[in-house]
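Reviewing the structure listed below.
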Protein chains: 2
Amino acid sequence: MTYENLDAKLVNALLGDGRASLRSLAEELDVSVTTVSNHLSDLEEEGVIQGYTPRVDYDSLGYDVTAVIQLKVEGNALPDITDSLKEHRQMISVYEVTGDYDVIAVGKFKDTDGMNNQIKTLLTDPDIKESNTSVVLNAVTENEQFELLIDDD
Amino acid sequence: MTYENLDAKLVNALLGDGRASLRSLAEELDVSVTTVSNHLSDLEEEGVIQGYTPRVDYDSLGYDVTAVIQLKVEGNALPDITDSLKEHRQMISVYEVTGDYDVIAVGKFKDTDGMNNQIKTLLTDPDIKESNTSVVLNAVTENEQFELLIDDD
DNA sequence: TGGAGTTGATGACGTACGAAAATCTCGACG
DNA sequence: CGTCGAGATTTTCGTACGTCATCAACTCCA
């Protein structure tokens with residue numbers, strides 16, 4: 001076990017409430033506030049916890065369309081393409097992958113017109129050999145972070 | 001009008017630091033603590049901010065393999081399939097989509113063996129007509145939450 | 001009139017610091 | 001060869017202090 005049990009419990013507790021106070025965490029895990037503070041700093045320094053964010057509901061802000069875009073790219077142009085995708089504000093995830101396509105990206109848009117425009121400008125790149133866009137009809141689960149396993153003794 | 005964009009600014013500030021104190025937010029946005037508190041409560045009640053989470057680096061915890069799984073599903077079995085995917089702890093995102101496939105899911109696994117096992121058990125379902133798995137070679141961007149636009153006058 | 005700010009009171013919060021407890025290290029001894 | 005224990009190291013804890021969140025009552029002003 002690379003990481004102590006307390007650390008896993010701490011991460012799980014924070015996954016439940018990312019703004020929980022050190023005191024409430026300490027009570028929940030039955031250790032002192034100082035211990036929570038120390039372990040939390042360690043987790044942050046080690047990079048296990050890379051920061052904290054609110055979970056924003058983009059739907060309620062008018063970003064009604066989510067799309068999964070798959071691209072076949074000219075081999076040596078891959079870094080350029082992924083970089084350019086990364087620059088696009090509305091790209092949630094950009095993956096280089098094995099399989100039929102080389103890149104899979106997930107983006108959010110205000111409407112299908114906005115989506116089409118963005119995608120069209122993207123596809124002007126001559127290094128993109130083929131593309132395939134799937135529009136999300138229903139996001140059953142999105143960006144879910146799962147809890148860590150605790151092995152009790 | 002002066003505070004038209006306060007909510008957007010507040011969300012953006014929290015996207016920068018999800019554990020920022022009301023006081024630091026108030027100073028950053030040049031409004032009173034009370035105002036920040038009120039607007040934040042409103043955003044939470046409206047569901048724009050649905051909660052707060054740490055950003056966990058699953059790579060550093062040994063979840064080295066991310067995969068994008070695409071499925072063609074027997075029409076009326078779609079809810080069953082998405083539900084079952086949702087139950088899988090390690091599924092980050094599960095989308096019902098238009099296009100060649102009916103479902104696109106993203107999952108994280110400790111290794112390729114673990115991934116293969118999980119996927120194999122998944123595919124025993126007779127309602128899954130076809131599947132296609134892409135292994136992520138490089139996560140350029142993952143679960144990024146973009147900042148909201150501020151329209152200045 | 002309603003959104004924003006101010007003030008003040010109260011209890012909760014984060015962090016620094018030193019003490020206490022637990023754990024590890026490693027040579028000496030039976 | 002096994003184990004014992006003093007000293008070193010790490011981990012945990014309690015306390016104290018300055019800051020913070022929250023609430024209520026009241027003011028300001030467009």
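Identifiers in the structure tokens: chain A, B, ... in order shown; residue index from 1 per chain; ligand index from 1 in order shown.
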Within 12 Å of chain B, which residues belong to chain D? Use only C-alpha atoms (C1' of nucleotides) and report them as a PyMOL selection string.
chain D and resi 19-23+30
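In this structure, the chain C residues at most 12 Å away from chain B are DG3, DA4, DG5, DT6, DC13 and DG14 of chain C, with only C-alpha atoms (C1' of nucleotides) considered.
Here the question is which of A:Arg19, A:Lys120, A:Lys9, A:His39 gets nearest to chain B using only C-alpha atoms, and that residue is A:Arg19.
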For chain A against chain B, with a cut-off of 7 Å and counting only C-alpha atoms, what is the closest atom pair and its distance in Å to one decimal for every residue that makes the cut, ordered by chain and number, as CSV?
```
residue,atom,partner,partner_atom,distance
A:Leu14,CA,B:Thr53,CA,6.4
A:Leu15,CA,B:Thr53,CA,5.2
A:Asp17,CA,B:Tyr52,CA,6.0
A:Gly18,CA,B:Thr53,CA,4.1
A:Arg19,CA,B:Arg19,CA,5.8
A:Gly47,CA,B:Asp57,CA,6.9
A:Val48,CA,B:Asp57,CA,5.0
A:Ile49,CA,B:Val56,CA,4.8
A:Gln50,CA,B:Arg55,CA,5.3
A:Gly51,CA,B:Arg55,CA,5.3
A:Tyr52,CA,B:Pro54,CA,4.2
A:Thr53,CA,B:Gly18,CA,4.2
A:Pro54,CA,B:Tyr52,CA,4.2
A:Arg55,CA,B:Gln50,CA,5.3
A:Val56,CA,B:Ile49,CA,4.8
A:Asp57,CA,B:Val48,CA,5.0
A:Ser60,CA,B:Val48,CA,6.1
A:Thr82,CA,B:Val140,CA,6.9
A:Lys86,CA,B:Thr141,CA,6.5
A:Arg89,CA,B:Phe146,CA,6.0
A:Gln90,CA,B:Phe146,CA,6.2
A:Ile92,CA,B:Glu144,CA,4.7
A:Ser93,CA,B:Glu142,CA,4.2
A:Val94,CA,B:Thr141,CA,4.9
A:Tyr95,CA,B:Ala139,CA,4.6
A:Glu96,CA,B:Asn138,CA,5.0
A:Val97,CA,B:Val136,CA,4.3
A:Thr98,CA,B:Ser134,CA,5.2
A:Gly99,CA,B:Ser134,CA,5.3
A:Ser134,CA,B:Thr98,CA,5.2
A:Val135,CA,B:Thr98,CA,5.3
A:Val136,CA,B:Val97,CA,4.3
A:Leu137,CA,B:Val97,CA,5.1
A:Asn138,CA,B:Glu96,CA,5.0
A:Ala139,CA,B:Tyr95,CA,4.6
A:Val140,CA,B:Val94,CA,5.3
A:Thr141,CA,B:Ser93,CA,4.8
A:Glu142,CA,B:Ser93,CA,4.2
A:Asn143,CA,B:Ile92,CA,5.2
A:Glu144,CA,B:Ile92,CA,4.7
A:Gln145,CA,B:Ile92,CA,6.4
A:Phe146,CA,B:Arg89,CA,6.0
```
Output, as a compact mmCIF listing (two decimals) with N, CA and C atoms, in the first residue's frame, the coordinates of chain B following least-squares superposition onto chain A across all in-order C-alpha pairs.
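Saved to part_18.txt:
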```
# COMPACT_ATOMS: atom_id res chain seq x y z
N MET B 1 0.32 1.17 10.64
CA MET B 1 -0.73 0.44 9.93
C MET B 1 -2.10 1.04 10.19
N THR B 2 -2.27 1.59 11.43
CA THR B 2 -3.59 2.16 11.73
C THR B 2 -3.93 3.29 10.79
N TYR B 3 -2.89 3.99 10.35
CA TYR B 3 -3.14 5.16 9.51
C TYR B 3 -2.76 4.91 8.06
N GLU B 4 -2.58 3.65 7.73
CA GLU B 4 -2.20 3.30 6.37
C GLU B 4 -3.13 3.93 5.34
N ASN B 5 -4.41 3.92 5.69
CA ASN B 5 -5.40 4.35 4.71
C ASN B 5 -5.86 5.77 4.91
N LEU B 6 -5.20 6.48 5.80
CA LEU B 6 -5.65 7.82 6.11
C LEU B 6 -5.70 8.69 4.87
N ASP B 7 -4.66 8.59 4.05
CA ASP B 7 -4.62 9.43 2.85
C ASP B 7 -5.79 9.14 1.93
N ALA B 8 -6.06 7.85 1.72
CA ALA B 8 -7.17 7.47 0.85
C ALA B 8 -8.49 7.96 1.45
N LYS B 9 -8.64 7.80 2.75
CA LYS B 9 -9.87 8.26 3.42
C LYS B 9 -10.02 9.77 3.30
N LEU B 10 -8.89 10.45 3.40
CA LEU B 10 -8.89 11.90 3.31
C LEU B 10 -9.34 12.34 1.92
N VAL B 11 -8.79 11.71 0.90
CA VAL B 11 -9.19 12.04 -0.47
C VAL B 11 -10.68 11.75 -0.66
N ASN B 12 -11.14 10.62 -0.16
CA ASN B 12 -12.55 10.27 -0.31
C ASN B 12 -13.46 11.26 0.40
N ALA B 13 -13.04 11.67 1.60
CA ALA B 13 -13.84 12.64 2.34
C ALA B 13 -13.93 13.95 1.58
N LEU B 14 -12.83 14.35 0.97
CA LEU B 14 -12.83 15.60 0.20
C LEU B 14 -13.63 15.45 -1.09
N LEU B 15 -13.65 14.25 -1.64
CA LEU B 15 -14.48 14.02 -2.83
C LEU B 15 -15.95 14.21 -2.45
N GLY B 16 -16.27 13.94 -1.19
CA GLY B 16 -17.63 14.17 -0.72
C GLY B 16 -17.92 15.64 -0.52
N ASP B 17 -16.96 16.37 0.04
CA ASP B 17 -17.12 17.81 0.23
C ASP B 17 -15.76 18.48 0.13
N GLY B 18 -15.51 19.10 -1.01
CA GLY B 18 -14.21 19.69 -1.29
C GLY B 18 -13.91 20.95 -0.50
N ARG B 19 -14.92 21.47 0.20
CA ARG B 19 -14.68 22.66 1.02
C ARG B 19 -14.78 22.35 2.51
N ALA B 20 -14.78 21.08 2.85
CA ALA B 20 -14.86 20.69 4.26
C ALA B 20 -13.68 21.27 5.04
N SER B 21 -13.94 21.68 6.27
CA SER B 21 -12.88 22.25 7.10
C SER B 21 -12.00 21.14 7.64
N LEU B 22 -10.77 21.50 8.00
CA LEU B 22 -9.84 20.52 8.55
C LEU B 22 -10.44 19.89 9.80
N ARG B 23 -11.15 20.69 10.56
CA ARG B 23 -11.74 20.18 11.80
C ARG B 23 -12.79 19.10 11.54
N SER B 24 -13.67 19.38 10.59
CA SER B 24 -14.71 18.39 10.29
C SER B 24 -14.09 17.13 9.72
N LEU B 25 -13.04 17.30 8.91
CA LEU B 25 -12.34 16.13 8.37
C LEU B 25 -11.70 15.33 9.50
N ALA B 26 -11.10 16.04 10.44
CA ALA B 26 -10.44 15.38 11.56
C ALA B 26 -11.44 14.57 12.37
N GLU B 27 -12.61 15.17 12.59
CA GLU B 27 -13.64 14.47 13.36
C GLU B 27 -14.13 13.24 12.60
N GLU B 28 -14.36 13.43 11.29
CA GLU B 28 -14.87 12.33 10.47
C GLU B 28 -13.89 11.16 10.45
N LEU B 29 -12.61 11.45 10.40
CA LEU B 29 -11.61 10.39 10.28
C LEU B 29 -11.06 9.98 11.64
N ASP B 30 -11.53 10.67 12.68
CA ASP B 30 -11.12 10.35 14.05
C ASP B 30 -9.61 10.48 14.25
N VAL B 31 -9.06 11.56 13.74
CA VAL B 31 -7.66 11.90 14.02
C VAL B 31 -7.61 13.38 14.37
N SER B 32 -6.44 13.87 14.72
CA SER B 32 -6.33 15.27 15.13
C SER B 32 -6.29 16.20 13.91
N VAL B 33 -6.61 17.45 14.18
CA VAL B 33 -6.56 18.46 13.13
C VAL B 33 -5.16 18.55 12.54
N THR B 34 -4.16 18.50 13.41
CA THR B 34 -2.77 18.58 12.96
C THR B 34 -2.47 17.48 11.94
N THR B 35 -2.91 16.29 12.23
CA THR B 35 -2.64 15.15 11.34
C THR B 35 -3.30 15.37 9.99
N VAL B 36 -4.55 15.82 10.01
CA VAL B 36 -5.22 16.10 8.75
C VAL B 36 -4.45 17.15 7.97
N SER B 37 -4.06 18.21 8.65
CA SER B 37 -3.33 19.30 8.00
C SER B 37 -2.04 18.79 7.37
N ASN B 38 -1.28 18.00 8.12
CA ASN B 38 -0.02 17.48 7.62
C ASN B 38 -0.23 16.59 6.39
N HIS B 39 -1.16 15.65 6.49
CA HIS B 39 -1.37 14.72 5.39
C HIS B 39 -1.90 15.43 4.15
N LEU B 40 -2.75 16.43 4.39
CA LEU B 40 -3.32 17.14 3.26
C LEU B 40 -2.23 17.93 2.52
N SER B 41 -1.37 18.58 3.27
CA SER B 41 -0.26 19.31 2.64
C SER B 41 0.60 18.35 1.83
N ASP B 42 0.85 17.17 2.41
CA ASP B 42 1.66 16.19 1.71
C ASP B 42 1.00 15.78 0.40
N LEU B 43 -0.30 15.50 0.47
CA LEU B 43 -1.02 15.07 -0.74
C LEU B 43 -0.96 16.16 -1.81
N GLU B 44 -1.06 17.41 -1.38
CA GLU B 44 -1.00 18.50 -2.34
C GLU B 44 0.40 18.65 -2.93
N GLU B 45 1.40 18.50 -2.07
CA GLU B 45 2.78 18.62 -2.55
C GLU B 45 3.13 17.48 -3.51
N GLU B 46 2.65 16.28 -3.18
CA GLU B 46 2.94 15.12 -4.03
C GLU B 46 2.19 15.19 -5.36
N GLY B 47 1.20 16.07 -5.43
CA GLY B 47 0.45 16.18 -6.67
C GLY B 47 -0.72 15.23 -6.77
N VAL B 48 -0.98 14.48 -5.71
CA VAL B 48 -2.15 13.60 -5.73
C VAL B 48 -3.42 14.46 -5.79
N ILE B 49 -3.43 15.51 -4.99
CA ILE B 49 -4.50 16.50 -5.08
C ILE B 49 -3.91 17.72 -5.78
N GLN B 50 -4.43 18.01 -6.96
CA GLN B 50 -3.82 19.06 -7.78
C GLN B 50 -4.52 20.40 -7.64
N GLY B 51 -5.55 20.46 -6.82
CA GLY B 51 -6.27 21.70 -6.63
C GLY B 51 -7.71 21.40 -6.29
N TYR B 52 -8.52 22.44 -6.23
CA TYR B 52 -9.92 22.27 -5.88
C TYR B 52 -10.77 23.11 -6.83
N THR B 53 -11.89 22.54 -7.25
CA THR B 53 -12.76 23.31 -8.14
C THR B 53 -14.22 23.09 -7.76
N PRO B 54 -15.04 24.09 -8.05
CA PRO B 54 -16.48 23.88 -7.93
C PRO B 54 -16.92 22.99 -9.09
N ARG B 55 -17.98 22.24 -8.90
CA ARG B 55 -18.55 21.48 -10.01
C ARG B 55 -19.64 22.35 -10.64
N VAL B 56 -19.32 22.90 -11.81
CA VAL B 56 -20.20 23.84 -12.47
C VAL B 56 -21.17 23.10 -13.39
N ASP B 57 -22.45 23.42 -13.27
CA ASP B 57 -23.45 22.81 -14.15
C ASP B 57 -23.61 23.69 -15.40
N TYR B 58 -22.88 23.31 -16.45
CA TYR B 58 -22.89 24.14 -17.66
C TYR B 58 -24.25 24.11 -18.35
N ASP B 59 -25.00 23.05 -18.15
CA ASP B 59 -26.35 22.99 -18.70
C ASP B 59 -27.17 24.18 -18.24
N SER B 60 -27.12 24.47 -16.95
CA SER B 60 -27.94 25.55 -16.40
C SER B 60 -27.43 26.91 -16.84
N LEU B 61 -26.26 26.95 -17.46
CA LEU B 61 -25.71 28.21 -17.94
C LEU B 61 -25.89 28.34 -19.45
N GLY B 62 -26.65 27.43 -20.03
CA GLY B 62 -26.98 27.55 -21.45
C GLY B 62 -26.07 26.77 -22.38
N TYR B 63 -25.14 26.01 -21.81
CA TYR B 63 -24.31 25.16 -22.67
C TYR B 63 -25.03 23.81 -22.80
N ASP B 64 -25.95 23.76 -23.75
CA ASP B 64 -26.87 22.63 -23.82
C ASP B 64 -26.34 21.47 -24.65
N VAL B 65 -25.32 21.73 -25.45
CA VAL B 65 -24.86 20.71 -26.39
C VAL B 65 -23.45 20.23 -26.02
N THR B 66 -23.33 18.94 -25.81
CA THR B 66 -22.02 18.33 -25.61
C THR B 66 -21.75 17.41 -26.80
N ALA B 67 -20.54 17.46 -27.33
CA ALA B 67 -20.22 16.66 -28.50
C ALA B 67 -18.90 15.92 -28.31
N VAL B 68 -18.84 14.73 -28.85
CA VAL B 68 -17.59 13.96 -28.87
C VAL B 68 -17.08 13.97 -30.30
N ILE B 69 -15.90 14.54 -30.49
CA ILE B 69 -15.34 14.71 -31.82
C ILE B 69 -14.14 13.78 -31.98
N GLN B 70 -14.16 12.98 -33.05
CA GLN B 70 -13.04 12.08 -33.29
C GLN B 70 -12.36 12.46 -34.59
N LEU B 71 -11.04 12.46 -34.57
CA LEU B 71 -10.28 12.93 -35.72
C LEU B 71 -9.21 11.93 -36.15
N LYS B 72 -9.03 11.83 -37.47
CA LYS B 72 -7.85 11.16 -38.02
C LYS B 72 -6.91 12.24 -38.50
N VAL B 73 -5.67 12.18 -38.03
CA VAL B 73 -4.75 13.28 -38.25
C VAL B 73 -3.49 12.80 -38.97
N GLU B 74 -2.96 13.64 -39.84
CA GLU B 74 -1.67 13.38 -40.48
C GLU B 74 -0.62 13.22 -39.39
N GLY B 75 0.04 12.09 -39.36
CA GLY B 75 0.93 11.71 -38.26
C GLY B 75 1.71 12.82 -37.59
N ASN B 76 2.54 13.53 -38.35
CA ASN B 76 3.44 14.49 -37.71
C ASN B 76 2.74 15.77 -37.28
N ALA B 77 1.48 15.91 -37.61
CA ALA B 77 0.75 17.13 -37.24
C ALA B 77 -0.01 16.97 -35.93
N LEU B 78 0.08 15.79 -35.33
CA LEU B 78 -0.68 15.52 -34.12
C LEU B 78 -0.50 16.57 -33.02
N PRO B 79 0.75 16.93 -32.69
CA PRO B 79 0.93 17.93 -31.62
C PRO B 79 0.25 19.26 -31.95
N ASP B 80 0.34 19.67 -33.21
CA ASP B 80 -0.30 20.93 -33.60
C ASP B 80 -1.80 20.87 -33.38
N ILE B 81 -2.38 19.77 -33.81
CA ILE B 81 -3.84 19.62 -33.69
C ILE B 81 -4.28 19.60 -32.23
N THR B 82 -3.61 18.80 -31.42
CA THR B 82 -4.02 18.72 -30.01
C THR B 82 -3.82 20.06 -29.32
N ASP B 83 -2.74 20.75 -29.66
CA ASP B 83 -2.52 22.08 -29.09
C ASP B 83 -3.65 23.03 -29.45
N SER B 84 -4.02 22.98 -30.71
CA SER B 84 -5.06 23.91 -31.15
C SER B 84 -6.40 23.57 -30.49
N LEU B 85 -6.64 22.28 -30.30
CA LEU B 85 -7.86 21.88 -29.60
C LEU B 85 -7.83 22.35 -28.15
N LYS B 86 -6.67 22.21 -27.54
CA LYS B 86 -6.48 22.61 -26.15
C LYS B 86 -6.80 24.09 -25.96
N GLU B 87 -6.46 24.86 -26.98
CA GLU B 87 -6.68 26.31 -26.88
C GLU B 87 -8.16 26.66 -26.91
N HIS B 88 -8.95 25.78 -27.50
CA HIS B 88 -10.38 26.06 -27.56
C HIS B 88 -10.97 26.00 -26.16
N ARG B 89 -11.50 27.13 -25.76
CA ARG B 89 -12.04 27.31 -24.42
C ARG B 89 -13.00 26.18 -24.02
N GLN B 90 -13.83 25.79 -24.96
CA GLN B 90 -14.93 24.91 -24.59
C GLN B 90 -14.60 23.43 -24.66
N MET B 91 -13.32 23.10 -24.91
CA MET B 91 -12.93 21.70 -24.95
C MET B 91 -12.69 21.19 -23.53
N ILE B 92 -13.49 20.21 -23.16
CA ILE B 92 -13.41 19.64 -21.81
C ILE B 92 -12.26 18.66 -21.71
N SER B 93 -12.18 17.78 -22.68
CA SER B 93 -11.13 16.76 -22.68
C SER B 93 -10.59 16.58 -24.09
N VAL B 94 -9.30 16.40 -24.19
CA VAL B 94 -8.66 16.11 -25.48
C VAL B 94 -7.70 14.95 -25.27
N TYR B 95 -7.96 13.84 -25.95
CA TYR B 95 -7.13 12.64 -25.79
C TYR B 95 -6.46 12.25 -27.10
N GLU B 96 -5.20 11.90 -27.05
CA GLU B 96 -4.58 11.16 -28.14
C GLU B 96 -4.83 9.69 -27.86
N VAL B 97 -5.32 8.96 -28.86
CA VAL B 97 -5.72 7.58 -28.59
C VAL B 97 -5.24 6.60 -29.66
N THR B 98 -5.27 5.33 -29.29
CA THR B 98 -5.08 4.25 -30.25
C THR B 98 -6.40 3.98 -30.95
N GLY B 99 -6.36 3.20 -32.01
CA GLY B 99 -7.62 2.80 -32.64
C GLY B 99 -7.88 3.49 -33.96
N ASP B 100 -9.14 3.46 -34.36
CA ASP B 100 -9.53 3.98 -35.67
C ASP B 100 -9.17 5.45 -35.83
N TYR B 101 -9.39 6.20 -34.79
CA TYR B 101 -9.08 7.64 -34.85
C TYR B 101 -7.86 7.95 -34.00
N ASP B 102 -7.28 9.13 -34.22
CA ASP B 102 -6.07 9.51 -33.49
C ASP B 102 -6.35 10.41 -32.30
N VAL B 103 -7.45 11.17 -32.42
CA VAL B 103 -7.78 12.12 -31.37
C VAL B 103 -9.27 11.99 -31.02
N ILE B 104 -9.57 11.98 -29.72
CA ILE B 104 -10.96 12.06 -29.28
C ILE B 104 -11.06 13.27 -28.36
N ALA B 105 -12.00 14.16 -28.67
CA ALA B 105 -12.16 15.38 -27.88
C ALA B 105 -13.61 15.54 -27.48
N VAL B 106 -13.84 16.09 -26.30
CA VAL B 106 -15.19 16.36 -25.82
C VAL B 106 -15.32 17.87 -25.62
N GLY B 107 -16.36 18.45 -26.21
CA GLY B 107 -16.56 19.90 -26.09
C GLY B 107 -17.98 20.24 -25.70
N LYS B 108 -18.16 21.46 -25.17
CA LYS B 108 -19.50 21.93 -24.79
C LYS B 108 -19.83 23.21 -25.54
N PHE B 109 -21.08 23.30 -26.00
CA PHE B 109 -21.48 24.44 -26.84
C PHE B 109 -22.87 24.92 -26.43
N LYS B 110 -23.15 26.19 -26.80
CA LYS B 110 -24.43 26.77 -26.41
C LYS B 110 -25.58 26.21 -27.24
N ASP B 111 -25.31 25.88 -28.50
CA ASP B 111 -26.34 25.28 -29.35
C ASP B 111 -25.66 24.57 -30.52
N THR B 112 -26.46 23.91 -31.33
CA THR B 112 -25.87 23.13 -32.42
C THR B 112 -25.22 24.04 -33.45
N ASP B 113 -25.77 25.25 -33.63
CA ASP B 113 -25.14 26.18 -34.57
C ASP B 113 -23.73 26.53 -34.11
N GLY B 114 -23.64 26.89 -32.83
CA GLY B 114 -22.33 27.20 -32.26
C GLY B 114 -21.38 26.04 -32.41
N MET B 115 -21.90 24.85 -32.17
CA MET B 115 -21.08 23.66 -32.31
C MET B 115 -20.60 23.51 -33.75
N ASN B 116 -21.53 23.60 -34.70
CA ASN B 116 -21.17 23.44 -36.10
C ASN B 116 -20.11 24.44 -36.54
N ASN B 117 -20.29 25.69 -36.12
CA ASN B 117 -19.31 26.71 -36.48
C ASN B 117 -17.92 26.36 -35.97
N GLN B 118 -17.85 26.04 -34.69
CA GLN B 118 -16.57 25.70 -34.10
C GLN B 118 -15.93 24.51 -34.82
N ILE B 119 -16.73 23.50 -35.06
CA ILE B 119 -16.18 22.29 -35.67
C ILE B 119 -15.74 22.57 -37.11
N LYS B 120 -16.53 23.36 -37.81
CA LYS B 120 -16.15 23.69 -39.19
C LYS B 120 -14.80 24.40 -39.25
N THR B 121 -14.62 25.38 -38.38
CA THR B 121 -13.35 26.10 -38.39
C THR B 121 -12.20 25.16 -38.02
N LEU B 122 -12.51 24.23 -37.14
CA LEU B 122 -11.49 23.24 -36.77
C LEU B 122 -11.06 22.43 -37.99
N LEU B 123 -12.06 22.02 -38.77
CA LEU B 123 -11.79 21.05 -39.83
C LEU B 123 -11.17 21.67 -41.08
N THR B 124 -10.94 22.98 -41.05
CA THR B 124 -10.25 23.60 -42.18
C THR B 124 -8.80 23.15 -42.24
N ASP B 125 -8.30 22.67 -41.10
CA ASP B 125 -6.91 22.23 -41.05
C ASP B 125 -6.70 21.06 -42.02
N PRO B 126 -5.78 21.23 -42.98
CA PRO B 126 -5.57 20.19 -43.99
C PRO B 126 -4.96 18.91 -43.41
N ASP B 127 -4.42 19.00 -42.19
CA ASP B 127 -3.82 17.81 -41.59
C ASP B 127 -4.87 16.88 -41.00
N ILE B 128 -6.11 17.35 -40.93
CA ILE B 128 -7.19 16.48 -40.45
C ILE B 128 -7.76 15.71 -41.64
N LYS B 129 -7.55 14.39 -41.62
CA LYS B 129 -7.92 13.58 -42.76
C LYS B 129 -9.38 13.16 -42.72
N GLU B 130 -9.88 13.02 -41.51
CA GLU B 130 -11.25 12.54 -41.38
C GLU B 130 -11.76 12.92 -40.00
N SER B 131 -13.06 13.16 -39.90
CA SER B 131 -13.62 13.50 -38.59
C SER B 131 -14.99 12.86 -38.42
N ASN B 132 -15.39 12.76 -37.18
CA ASN B 132 -16.65 12.10 -36.85
C ASN B 132 -17.17 12.71 -35.57
N THR B 133 -18.35 13.30 -35.62
CA THR B 133 -18.88 13.97 -34.45
C THR B 133 -20.11 13.25 -33.92
N SER B 134 -20.11 12.96 -32.64
CA SER B 134 -21.29 12.38 -31.99
C SER B 134 -21.84 13.40 -31.00
N VAL B 135 -23.10 13.70 -31.12
CA VAL B 135 -23.74 14.63 -30.19
C VAL B 135 -24.27 13.85 -29.00
N VAL B 136 -24.02 14.38 -27.81
CA VAL B 136 -24.47 13.69 -26.60
C VAL B 136 -25.97 13.92 -26.40
N LEU B 137 -26.70 12.84 -26.32
CA LEU B 137 -28.14 12.92 -26.08
C LEU B 137 -28.43 12.96 -24.59
N ASN B 138 -27.59 12.27 -23.84
CA ASN B 138 -27.83 12.14 -22.41
C ASN B 138 -26.51 11.85 -21.70
N ALA B 139 -26.13 12.74 -20.81
CA ALA B 139 -24.91 12.52 -20.04
C ALA B 139 -25.27 11.75 -18.78
N VAL B 140 -25.13 10.44 -18.84
CA VAL B 140 -25.48 9.60 -17.69
C VAL B 140 -24.55 9.91 -16.53
N THR B 141 -23.28 10.01 -16.83
CA THR B 141 -22.25 10.34 -15.85
C THR B 141 -21.25 11.24 -16.54
N GLU B 142 -20.78 12.27 -15.86
CA GLU B 142 -19.82 13.17 -16.50
C GLU B 142 -18.76 13.63 -15.52
N ASN B 143 -17.51 13.40 -15.88
CA ASN B 143 -16.38 13.85 -15.07
C ASN B 143 -16.47 13.39 -13.63
N GLU B 144 -17.03 12.21 -13.44
CA GLU B 144 -17.14 11.66 -12.11
C GLU B 144 -15.75 11.28 -11.59
N GLN B 145 -15.47 11.62 -10.36
CA GLN B 145 -14.22 11.18 -9.76
C GLN B 145 -14.55 10.11 -8.73
N PHE B 146 -14.01 8.91 -8.94
CA PHE B 146 -14.37 7.81 -8.05
C PHE B 146 -13.53 7.82 -6.78
N GLU B 147 -14.10 7.21 -5.74
CA GLU B 147 -13.41 7.15 -4.46
C GLU B 147 -12.32 6.08 -4.50
N LEU B 148 -11.33 6.28 -3.67
CA LEU B 148 -10.22 5.33 -3.61
C LEU B 148 -10.60 4.14 -2.74
N LEU B 149 -10.02 3.01 -3.03
CA LEU B 149 -10.31 1.81 -2.25
C LEU B 149 -9.59 1.86 -0.91
N ILE B 150 -10.29 1.47 0.12
CA ILE B 150 -9.69 1.36 1.45
C ILE B 150 -9.50 -0.12 1.73
N ASP B 151 -8.25 -0.56 1.95
CA ASP B 151 -8.11 -1.96 2.36
C ASP B 151 -8.06 -2.04 3.87
N ASP B 152 -9.16 -2.52 4.43
CA ASP B 152 -9.22 -2.70 5.88
C ASP B 152 -8.55 -4.01 6.24
N ASP B 153 -8.18 -4.10 7.53
CA ASP B 153 -7.45 -5.32 7.92
C ASP B 153 -8.43 -6.37 8.44
```
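In the backbone-derived DSSP annotation, strand (DSSP E or B) within range 17-62 of chain B comprises Ile49, Gln50, Gly51, Tyr52, Thr53, Pro54, Arg55 and Val56 of chain B.
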Dump N, CA, C and O atoms for the selected residues as a tab-separated table (two decimals), in the first residue's frame?
```tsv
chain	number	residue	atom	x	y	z
B	49	ILE	N	-23.65	26.06	-9.16
B	49	ILE	CA	-22.55	25.37	-8.47
B	49	ILE	C	-23.15	24.20	-7.72
B	49	ILE	O	-23.95	24.38	-6.81
B	50	GLN	N	-22.78	23.01	-8.12
B	50	GLN	CA	-23.44	21.81	-7.57
B	50	GLN	C	-22.66	21.19	-6.43
B	50	GLN	O	-23.08	20.16	-5.88
B	51	GLY	N	-21.53	21.77	-6.09
B	51	GLY	CA	-20.72	21.23	-5.00
B	51	GLY	C	-19.27	21.55	-5.25
B	51	GLY	O	-18.95	22.30	-6.19
B	52	TYR	N	-18.41	20.99	-4.43
B	52	TYR	CA	-16.98	21.26	-4.55
B	52	TYR	C	-16.22	19.94	-4.41
B	52	TYR	O	-16.58	19.11	-3.58
B	53	THR	N	-15.20	19.78	-5.24
B	53	THR	CA	-14.41	18.55	-5.13
B	53	THR	C	-12.93	18.86	-5.28
B	53	THR	O	-12.56	19.84	-5.94
B	54	PRO	N	-12.10	18.04	-4.67
B	54	PRO	CA	-10.68	18.11	-4.95
B	54	PRO	C	-10.44	17.55	-6.34
B	54	PRO	O	-11.20	16.70	-6.81
B	55	ARG	N	-9.40	18.01	-7.01
B	55	ARG	CA	-9.02	17.40	-8.29
B	55	ARG	C	-7.99	16.32	-7.98
B	55	ARG	O	-6.85	16.62	-7.61
B	56	VAL	N	-8.43	15.07	-8.07
B	56	VAL	CA	-7.59	13.94	-7.69
B	56	VAL	C	-6.80	13.45	-8.90
B	56	VAL	O	-7.36	13.25	-9.97
```
Write out as number ranges by chain all residues of chain B that backbone DSSP assigns to alpha helix (DSSP H).
B: 6-16, 22-29, 33-46, 78-87, 112-122
Give me the residues near DA8 in chain D as number ranges by chain, where near means some atom within 12 Å (using only C-alpha atoms (C1' of nucleotides)) and where sequence neighbours in that chain fewer than 3 positions away do not count.
C: 23-26
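If you look at C1' of DC13 in chain D and C1' of DG11 in chain C, they are 22.8 Å away from each other.
Separating C1' of DC17 in chain D from C1' of DC17 in chain C is a distance of 11.4 Å.
As for C1' of DG18 in chain C and C1' of DG18 in chain D, they are spaced 18.7 Å apart.
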